Structure formats: structure tokens, C-alpha cells
Amino acid sequence: MRLRAPDFPVREFERAIGTYKIEREHVEQPSRDVRDELDEIASLSAKLYSLLSAKSDEMEGYLGVECVKFGRPMLPETMMKDLLHLQGLALNAKTEAAKNVSKGRGASPTTRLICELAAALDSAGLEATSKANGPLRIAFDIAMEELNLSFADTGDTVRKALNSPLRKQRLR
């Protein structure tokens with residue numbers, strides 16, 4: 001890297017490569033599934049709270065003995081408060097997840113990699129362009145070599161990433 005793009009921040013380059021490897025393997029869970037799971041957590045915590053609230057003397061006796069054996073005699077009472085908190089947190093998280101539903105497809109790992117490399121150049125005071133011998137293209141070419149990947153037209157790939165909504169958002 002130092003030989004082909006001496007001004008490029010090496011630490012940021014390595015971080016971008018590592019992030020790419022993780023993102024390439026990640027399968028994004030659909031937003032609807034996340035909201036459904038959060039809703040289920042809220043519902044189950046409410047149900048468990050209700051069961052603990054309405055426990056019979058017999059159930060309380062058996063449960064109490066087990067809690068003492070476990071070393072936490074007040075576990076049901078402590079748990080009830082935590083269950084109320086969990087229910088509220090899950091409902092709030094569900095509301096937040098609903099706000100963050102993305103429109104369309106998210107950026108690909110390759111676009112994210114290029115945008116991270118461009119951000120590294122920006123922070124170093126260097127211009128991030130898709131020019132053939134520019135530091136961004138050189139860094140991207142080196143990244144592709146390290147990752148054993150290739151693109152038919154790296155210039156077009158870099159140009160598209162630089163014009164992506166992700167890049168424009170990071171520039172704000």
C-alpha cells in the first residue's frame with residue numbers, strides 16, 4: 001500500500017477491509033421480522049409478568065423453595081420489575097425499528113468499502129475521485145487484490161459508489 005498509494009491512511013485501509021469481510025458475510029434481517037420479534041418479546045414479558053402477579057399461594061410456595069435453593073429468594077419480585085422494563089424497552093425498540101425502515105435496498109458491502117476508503121481520504125485531506133491513478137482507485141484495487149475479488153470495470157464501480165446515497169449522506 002505504501003508503495004502504490006503512499007499518502008493513503010493505512011490504518012483506515014485495514015479497518016475498511018476488515019469491515020468489508022464482516023459485512024460481506026452478514027445477512028440482514030428484514031425490518032418486519034425485527035419488529036415482530038420485538039413485539040413477541042414485549043408480549044411474552046407481559047404474559048410472564050401477569051403470571052407472576054397472579055400466582056397462587058401453592059405456586060408461590062413451590063417457586064419460593066426453588067428460588068431459595070438457587071440463592072435468590074426474591075427472584076420473582078425482582079423479575080417482575082425487570083419484566084415491566086423489558087416490555088417497555090421492547091415496545092420502544094419496535095417503534096424505533098418502524099421509523100428506520102429503509103426505502104429500497106441498502107448499500108452493498110462493496111459500496112460501503114469504497115465509501116469508507118473515500119472517507120479515509122477525506123479525513124487525510126485528500127480528494128476522493130474515481131480517477132484511474134488516484135489514491136481511491138489504487139486503494140480499491142489493492143483491497144480487491146487482498147480480498148481475491150475482481151470487477152469488470154473498477155472505475156465504474158468506484159464512480160457509482162461515490163454517487164451513492166451512502167456517500168452523499170456521509171459528506172453532510
# chains A, B, ... in the order shown; residues from 1 in each chain; ligands from 1

call {"tool": "residues_around", "arguments": {"residues": "stretch 132-134 of chain A", "least_positions_apart": "4", "cutoff": "8 Å", "atoms": "only C-alpha atoms", "output": "list of chain:residue names"}}
result
A:Ala128, A:Ile138, A:Gly155

call {"tool": "residues_around", "arguments": {"residues": "stretch 46-53 of chain A", "least_positions_apart": "2", "cutoff": "10 Å", "atoms": "only C-alpha atoms", "output": "PyMOL selection string"}}
result
chain A and resi 40-44+55-56+59-60+76-77+79-88

call {"tool": "closest_residue", "arguments": {"among": "A:Leu38, A:Leu3, A:Ile142, A:Ala152", "to": "A:Ala93", "atoms": "only C-alpha atoms"}}
result
A:Leu38

call {"tool": "residues_around", "arguments": {"residues": "stretch 32-37 of chain A", "least_positions_apart": "2", "cutoff": "12 Å", "atoms": "only C-alpha atoms", "output": "number ranges by chain"}}
result
A: 28-30, 39-44, 90-102

call {"tool": "residues_around", "arguments": {"residues": "A:Ile114", "least_positions_apart": "2", "cutoff": "7 Å", "atoms": "only C-alpha atoms", "output": "number ranges by chain"}}
result
A: 110-112, 116-118, 140, 158, 161

call {"tool": "closest_residue", "arguments": {"among": "A:Pro109, A:Met1, A:Phe151, A:Ala124", "to": "A:Phe13", "atoms": "only C-alpha atoms"}}
result
A:Met1

call {"tool": "select_by_dssp", "arguments": {"residues": "stretch 83-114 of chain A", "states": "helix (DSSP H, G or I)", "output": "NGL selection string"}}
result
:A and (83-99 or 109-114)

call {"tool": "residues_around", "arguments": {"residues": "A:Asp122", "least_positions_apart": "2", "cutoff": "12 Å", "atoms": "only C-alpha atoms", "output": "JSON, numbers by chain"}}
result
{"A": [7, 8, 9, 12, 115, 116, 117, 118, 119, 120, 124, 125, 126, 127, 128, 129, 135, 136, 167, 170, 171]}

call {"tool": "closest_residue", "arguments": {"among": "A:Ala139, A:Gly106, A:Cys67, A:Leu162", "to": "A:Val27", "atoms": "only C-alpha atoms"}}
result
A:Gly106

call {"tool": "atom_distance", "arguments": {"atom1": "atom CA of A:Leu166", "atom2": "atom CA of A:Leu89"}}
result
29.3 Å

call {"tool": "atom_distance", "arguments": {"atom1": "atom CA of A:Ser130", "atom2": "atom CA of A:Arg159"}}
result
5.5 Å

call {"tool": "atom_distance", "arguments": {"atom1": "atom CA of A:Ala107", "atom2": "atom CA of A:Arg2"}}
result
28.7 Å
